[in-house]
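Worksheet: the structure to be examined is printed underneath.
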Amino acid sequence: MNRIDELFNKKAGNILSVYFTAGYPALDSTVEIIRELASEGTDMIEIGVPFSDPVADGPVIQKSNDTALKKGMSLRLLFDQLKDIRKETDIPLLLMSYINPVLRFGIEKFCKKCEETGIDGVILPDLTPEIYTASYLGLFKEHNIYNVLLISKGTSAARIREIDGLSRIFIYMVSSSSTTGIKRNFSADQKEYFLKVKKMNLRNPALIGFGISDNETYLQACKYGAGAIIGSAFIKALSEGEGGKNTVRDFIKKIR
Amino acid sequence: MNYNIDCNGYYGEFGGAYIPEMMHANISELQQNYLKILECEDFKSEFSKLLKDYAGRPSPLYHAERLSYYYNTGIYLKREDLNHTGAHKINNAIGQILIAKRLGKSRIIAETGAGQHGVATATVCALMGMKCVIYMGKLDVDRQAPNVLRMKMLGADVIPVYSGNMTLKDATNEAIRDWICNPADTHYIIGSVVGPHPYPDLVARLQSIISEEIKWQLEEHTGSPDPDYVIACVGGGSNAAGAFYHYLDNEMVKLVAVEAAGKGIDSGESAATTVLGFPGVIHGSRTILMQNDDGQITEPFSISAGLDYPGIGPLFAHLKKNGRAIFEHATDDEALEAALLLTRLEGIIPALESAHALAVLKKIQFGSDDVVVVNLSGRGDKDMATYMKFLEETENKRYK
Ligand SMILES: Cc1ncc(COP(=O)(O)O)c(C=O)c1O
């Protein structure tokens, strides 16, 4: 049991999870963005640990990663910035990155640090369910951290069942065959895929991510899944906004 | 020691498939089918026919007498430079497009550094009537201009990549992203023994024709199929994997893998991965890669676009770890000098990549009876601008 369980126990749907890149737009904006997202009623936050080669990400998040790295963001610095975060908020927090920075940091040390800091889950798109199960499952369990697995349009029904079996909290449902980015609406094809998964009655709730950018796509995600994960659109708002409280508030208002 | 992959695609501790779920369907389709396809008679006959009639194989094994005399040893050049399109890359491109056809794909993507893999891929796409998109770092677009023109004439879309260092690593990222976005109709022809399982094994098998030929050709020359040394340059490692393949289990044959040292291993501008790198994951494979303390992949440097890559194929991480191969390094300047030397002694202008392999001839103490095979992975046409600049800077009298 951790904060993500509590969230899902309280709320079965309409969950809004927002992604941002640590160290973007400013090196020390991390905690402030968490604070604002939490106070604007976001249900969950995914903190991106920037990586030099984010192959699952489109141009917007690539750019925020590059900027954050240039400013000096790292996993070490992030843990440092977050060391007192649990004194101010109980919002569920996940780290999202790629496997290489985590391996270099030391995966055991990483899990320990997550637990100490109050991180509830991680999303590492290039850590496959197979490799996770074979090598790291015990470690994550020991530190009470959820590893969130992805499914996508190309994932077969049998594999979705397997991933559902391995998942312990929620499934990250990638909305389309694409990298992260901004889309205006979902195609009939995508809706058919959402519906197919919905009808499977999975053990775990599914949050839909990739391409969610506005109220319409958010509502669609809530209709077919337990809620939405928004990344690129929020990063774009941060890059265009003045920064400060209004940017986050205006963005969340636009979404729901 | 075992130099084959295990059932999960690992050479020892290196390899595997670290991929986002969006690539799973394509990678697992390839994993499940590649050996079946490679072993089926109809593939084998089409592949070997194209290698022979189209690519011009077997490529000669040439006894370079003047170079041998210069180094006082027996040097044989495996002439991959004489293949159609000018490098070993065509072996892999032909093999993979035949696989793509059998998997029902109609669109091909590839990354390229020196442009040789891009040209080879664009060539086989023209041959098979398939749509072709090539990702190439902007820096490489500029420094390998002749190959860009060739790809365009062959009908490929060449997309310059502006991220990162704008070289091979970044082109590979972009090709991976393309595949994530176009999973249904597209096959990704990776150009080296890198990437997620099964690519390292697949590409090594397709390139293994190089050492298969060396064996019988050397036997014709010397009476024995086994040399004392095989030397090859390593970017990702596909020409070296091909040249080493049938000798891996024969410990009597010394295998020399040559990495690009750029301006010097400790200069901060180098691509000597096995010296400067640490274990990690790049482009879907656990291997050795150049990275900082935070696990960010660092920018390599080499004058040679084909060797300008911060990783190395997992087979080579394994060969390094267990000592089966000797890892040597050549700087930009050493490679340029070796290229000029070969040109003036033998009348062969090598690719800059291959020149790195030639450059270690002066670093190893060979016996006068030794038989040394150097894999001449490609020809130097694409590098003429770099060579001309070097010539102007050098007092070229030395070699007259
Ligand atoms: C002629 C030539 N040799 C070698 C290489 C390096 O690749 P690999 O290490 O896969 O053989 C390249 C790559 O572009 C090349 O064009």
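In the structure tokens, the first chain shown is A, the next is B, and so on; residue numbers restart at 1 for each chain, and ligands run from 1 in the order shown.
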Discussion item. I need the contact residues of chain A against chain B, so if you could list those with any atom within 6 Å, counting only C-alpha atoms, and return them as an MDAnalysis selection string, that would help.
Written reply: chainID A and resid 52 55 100:101 104 125:127 152 154 177:178
Deliver the residues from the most recent selection as a file, using all heavy atoms, as a PDB file, in the first residue's frame.
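Final output, selection-v3.pdb:
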```pdb
ATOM      1  N   SER A  52      19.500  11.847 -22.057  1.00  0.00           N
ATOM      2  CA  SER A  52      20.058  12.389 -23.300  1.00  0.00           C
ATOM      3  C   SER A  52      19.419  11.791 -24.554  1.00  0.00           C
ATOM      4  O   SER A  52      19.396  12.431 -25.593  1.00  0.00           O
ATOM      5  CB  SER A  52      21.567  12.122 -23.339  1.00  0.00           C
ATOM      6  OG  SER A  52      21.829  10.743 -23.104  1.00  0.00           O
ATOM      7  N   VAL A  55      14.179   7.839 -26.560  1.00  0.00           N
ATOM      8  CA  VAL A  55      13.654   7.368 -27.845  1.00  0.00           C
ATOM      9  C   VAL A  55      12.128   7.251 -27.892  1.00  0.00           C
ATOM     10  O   VAL A  55      11.554   7.239 -28.973  1.00  0.00           O
ATOM     11  CB  VAL A  55      14.264   6.011 -28.280  1.00  0.00           C
ATOM     12  CG1 VAL A  55      15.719   6.183 -28.643  1.00  0.00           C
ATOM     13  CG2 VAL A  55      14.077   4.958 -27.220  1.00  0.00           C
ATOM     14  N   ASN A 100      18.881   3.575 -18.500  1.00  0.00           N
ATOM     15  CA  ASN A 100      20.318   3.813 -18.357  1.00  0.00           C
ATOM     16  C   ASN A 100      20.710   4.718 -17.183  1.00  0.00           C
ATOM     17  O   ASN A 100      21.601   4.366 -16.417  1.00  0.00           O
ATOM     18  CB  ASN A 100      20.943   4.299 -19.662  1.00  0.00           C
ATOM     19  CG  ASN A 100      22.451   4.155 -19.634  1.00  0.00           C
ATOM     20  OD1 ASN A 100      22.970   3.059 -19.426  1.00  0.00           O
ATOM     21  ND2 ASN A 100      23.162   5.257 -19.776  1.00  0.00           N
ATOM     22  N   PRO A 101      20.067   5.870 -17.001  1.00  0.00           N
ATOM     23  CA  PRO A 101      20.440   6.694 -15.845  1.00  0.00           C
ATOM     24  C   PRO A 101      20.208   5.960 -14.522  1.00  0.00           C
ATOM     25  O   PRO A 101      20.955   6.160 -13.561  1.00  0.00           O
ATOM     26  CB  PRO A 101      19.517   7.913 -15.954  1.00  0.00           C
ATOM     27  CG  PRO A 101      19.026   7.931 -17.349  1.00  0.00           C
ATOM     28  CD  PRO A 101      19.058   6.528 -17.847  1.00  0.00           C
ATOM     29  N   ARG A 104      23.030   3.421 -14.037  1.00  0.00           N
ATOM     30  CA  ARG A 104      24.285   4.101 -13.702  1.00  0.00           C
ATOM     31  C   ARG A 104      24.259   4.576 -12.245  1.00  0.00           C
ATOM     32  O   ARG A 104      25.264   4.545 -11.548  1.00  0.00           O
ATOM     33  CB  ARG A 104      24.475   5.294 -14.653  1.00  0.00           C
ATOM     34  CG  ARG A 104      25.819   5.950 -14.543  1.00  0.00           C
ATOM     35  CD  ARG A 104      26.846   5.233 -15.395  1.00  0.00           C
ATOM     36  NE  ARG A 104      28.112   5.943 -15.368  1.00  0.00           N
ATOM     37  CZ  ARG A 104      29.219   5.456 -14.822  1.00  0.00           C
ATOM     38  NH1 ARG A 104      29.224   4.253 -14.293  1.00  0.00           N
ATOM     39  NH2 ARG A 104      30.326   6.169 -14.831  1.00  0.00           N
ATOM     40  N   PRO A 125      10.086   3.209 -19.654  1.00  0.00           N
ATOM     41  CA  PRO A 125       9.546   2.560 -20.850  1.00  0.00           C
ATOM     42  C   PRO A 125      10.465   1.502 -21.456  1.00  0.00           C
ATOM     43  O   PRO A 125       9.977   0.550 -22.048  1.00  0.00           O
ATOM     44  CB  PRO A 125       9.323   3.709 -21.846  1.00  0.00           C
ATOM     45  CG  PRO A 125       9.676   4.964 -21.156  1.00  0.00           C
ATOM     46  CD  PRO A 125      10.154   4.670 -19.774  1.00  0.00           C
ATOM     47  N   ASP A 126      11.781   1.648 -21.307  1.00  0.00           N
ATOM     48  CA  ASP A 126      12.643   0.643 -21.939  1.00  0.00           C
ATOM     49  C   ASP A 126      13.058  -0.480 -20.990  1.00  0.00           C
ATOM     50  O   ASP A 126      13.912  -1.286 -21.325  1.00  0.00           O
ATOM     51  CB  ASP A 126      13.862   1.285 -22.621  1.00  0.00           C
ATOM     52  CG  ASP A 126      14.711   2.131 -21.679  1.00  0.00           C
ATOM     53  OD1 ASP A 126      14.254   2.410 -20.540  1.00  0.00           O
ATOM     54  OD2 ASP A 126      15.815   2.531 -22.078  1.00  0.00           O
ATOM     55  N   LEU A 127      12.406  -0.535 -19.832  1.00  0.00           N
ATOM     56  CA  LEU A 127      12.561  -1.717 -18.975  1.00  0.00           C
ATOM     57  C   LEU A 127      11.356  -2.607 -19.277  1.00  0.00           C
ATOM     58  O   LEU A 127      10.242  -2.340 -18.838  1.00  0.00           O
ATOM     59  CB  LEU A 127      12.588  -1.310 -17.491  1.00  0.00           C
ATOM     60  CG  LEU A 127      12.679  -2.450 -16.474  1.00  0.00           C
ATOM     61  CD1 LEU A 127      13.938  -3.282 -16.675  1.00  0.00           C
ATOM     62  CD2 LEU A 127      12.626  -1.917 -15.053  1.00  0.00           C
ATOM     63  N   SER A 152       0.391  -0.880 -25.560  1.00  0.00           N
ATOM     64  CA  SER A 152       0.148   0.021 -26.683  1.00  0.00           C
ATOM     65  C   SER A 152      -0.754  -0.676 -27.679  1.00  0.00           C
ATOM     66  O   SER A 152      -1.147  -1.832 -27.491  1.00  0.00           O
ATOM     67  CB  SER A 152       1.454   0.451 -27.335  1.00  0.00           C
ATOM     68  OG  SER A 152       1.851  -0.501 -28.288  1.00  0.00           O
ATOM     69  N   GLY A 154      -0.200  -1.995 -30.360  1.00  0.00           N
ATOM     70  CA  GLY A 154       0.336  -3.230 -30.932  1.00  0.00           C
ATOM     71  C   GLY A 154       0.400  -4.387 -29.939  1.00  0.00           C
ATOM     72  O   GLY A 154       0.754  -5.501 -30.313  1.00  0.00           O
ATOM     73  N   SER A 177       0.090   4.435 -31.777  1.00  0.00           N
ATOM     74  CA  SER A 177       1.426   4.020 -32.168  1.00  0.00           C
ATOM     75  C   SER A 177       2.236   5.284 -32.397  1.00  0.00           C
ATOM     76  O   SER A 177       2.286   5.805 -33.498  1.00  0.00           O
ATOM     77  CB  SER A 177       1.382   3.222 -33.467  1.00  0.00           C
ATOM     78  OG  SER A 177       0.489   2.163 -33.321  1.00  0.00           O
ATOM     79  N   SER A 178       2.826   5.787 -31.341  1.00  0.00           N
ATOM     80  CA  SER A 178       3.591   7.018 -31.527  1.00  0.00           C
ATOM     81  C   SER A 178       4.495   7.266 -30.333  1.00  0.00           C
ATOM     82  O   SER A 178       4.394   6.606 -29.307  1.00  0.00           O
ATOM     83  CB  SER A 178       2.648   8.214 -31.705  1.00  0.00           C
ATOM     84  OG  SER A 178       2.144   8.611 -30.450  1.00  0.00           O
TER      85      SER A 178
END
```
Return as a short mmCIF file (atom, residue, chain, number, x, y, z; two decimals) with N, CA, C and O atoms, in the first residue's frame the residues of protein, DNA or RNA that approach ligand 1 to within 6 Å, with only C-alpha atoms and all ligand atoms taken into account.
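Final output, pocket-v3.cif:
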```cif
data_model
loop_
_atom_site.label_atom_id
_atom_site.label_comp_id
_atom_site.auth_asym_id
_atom_site.auth_seq_id
_atom_site.Cartn_x
_atom_site.Cartn_y
_atom_site.Cartn_z
N ALA B 87 31.08 -0.93 -49.82
CA ALA B 87 31.40 -1.33 -48.45
C ALA B 87 30.72 -2.66 -48.13
O ALA B 87 29.90 -3.17 -48.91
N GLY B 113 25.61 6.68 -40.79
CA GLY B 113 26.63 7.59 -40.29
C GLY B 113 27.46 8.07 -41.46
O GLY B 113 27.32 9.18 -41.96
N ALA B 114 28.30 7.17 -41.96
CA ALA B 114 29.14 7.50 -43.11
C ALA B 114 28.32 7.61 -44.39
O ALA B 114 28.79 8.12 -45.39
N GLN B 116 27.31 4.93 -45.92
CA GLN B 116 27.44 3.66 -46.65
C GLN B 116 26.25 2.76 -46.40
O GLN B 116 25.74 2.12 -47.32
N HIS B 117 25.80 2.71 -45.16
CA HIS B 117 24.63 1.88 -44.88
C HIS B 117 23.39 2.50 -45.50
O HIS B 117 22.52 1.79 -46.00
N SER B 192 24.27 -2.01 -38.19
CA SER B 192 25.42 -2.63 -37.55
C SER B 192 24.93 -3.67 -36.54
O SER B 192 23.73 -3.88 -36.39
N VAL B 234 36.00 -0.99 -35.73
CA VAL B 234 34.72 -1.20 -35.05
C VAL B 234 34.03 0.13 -34.81
O VAL B 234 34.53 0.98 -34.09
N GLY B 235 32.89 0.30 -35.48
CA GLY B 235 32.01 1.41 -35.13
C GLY B 235 30.98 0.79 -34.21
O GLY B 235 31.10 0.79 -32.99
N GLY B 236 29.95 0.17 -34.81
CA GLY B 236 29.06 -0.72 -34.05
C GLY B 236 29.66 -2.11 -34.02
O GLY B 236 29.49 -2.87 -33.08
N GLY B 237 30.37 -2.45 -35.11
CA GLY B 237 31.08 -3.72 -35.15
C GLY B 237 30.64 -4.70 -36.23
O GLY B 237 31.00 -5.87 -36.17
N SER B 238 29.89 -4.25 -37.25
CA SER B 238 29.37 -5.26 -38.18
C SER B 238 30.43 -5.82 -39.12
O SER B 238 30.43 -7.02 -39.41
N ASN B 239 31.36 -4.98 -39.60
CA ASN B 239 32.37 -5.57 -40.49
C ASN B 239 33.32 -6.45 -39.69
O ASN B 239 33.75 -7.50 -40.16
N ALA B 240 33.60 -6.03 -38.45
CA ALA B 240 34.47 -6.85 -37.60
C ALA B 240 33.76 -8.16 -37.23
O ALA B 240 34.37 -9.23 -37.28
N GLY B 306 31.52 6.85 -39.71
CA GLY B 306 31.07 5.50 -39.44
C GLY B 306 31.53 4.95 -38.10
O GLY B 306 31.02 3.94 -37.62
N LEU B 307 32.52 5.59 -37.50
CA LEU B 307 33.03 5.12 -36.20
C LEU B 307 32.63 6.07 -35.07
O LEU B 307 32.98 5.85 -33.92
N ALA B 351 38.22 3.55 -47.24
CA ALA B 351 37.33 4.40 -46.45
C ALA B 351 38.07 4.82 -45.18
O ALA B 351 38.93 4.09 -44.68
N GLU B 353 37.02 4.77 -42.26
CA GLU B 353 36.78 3.76 -41.22
C GLU B 353 37.82 2.66 -41.33
O GLU B 353 38.51 2.32 -40.37
N SER B 354 37.93 2.10 -42.54
CA SER B 354 38.88 1.00 -42.77
C SER B 354 40.31 1.45 -42.50
O SER B 354 41.15 0.64 -42.08
N SER B 377 36.96 -2.57 -45.08
CA SER B 377 35.49 -2.57 -45.05
C SER B 377 34.85 -1.71 -46.13
O SER B 377 33.71 -1.94 -46.52
N GLY B 378 35.58 -0.68 -46.61
CA GLY B 378 34.95 0.17 -47.63
C GLY B 378 35.96 1.01 -48.38
O GLY B 378 37.13 1.10 -48.01
#
```
Item to complete: Give the strand (DSSP E or B) residues of stretch 201-373 of chain B, as DSSP finds them on the backbone, and put them as a PyMOL selection string.
Response: chain B and resi 229-233+254-262+278-282+285-289+291+297+325-331+350+371-373
Discussion item. I need the alpha helix (DSSP H) residues of stretch 6-255 of chain A per DSSP on the backbone, written as an MDAnalysis selection string.
Written reply: chainID A and resid 6:10 30:39 59:71 75:81 99:105 107:117 129:131 137:142 157:166 188:199 215:224 232:240 244:255
Discussion item. One decimal, in Å: what's the spacing between atom CA of B:Phe43 and atom CA of B:Arg57?
Written reply: 16.9 Å
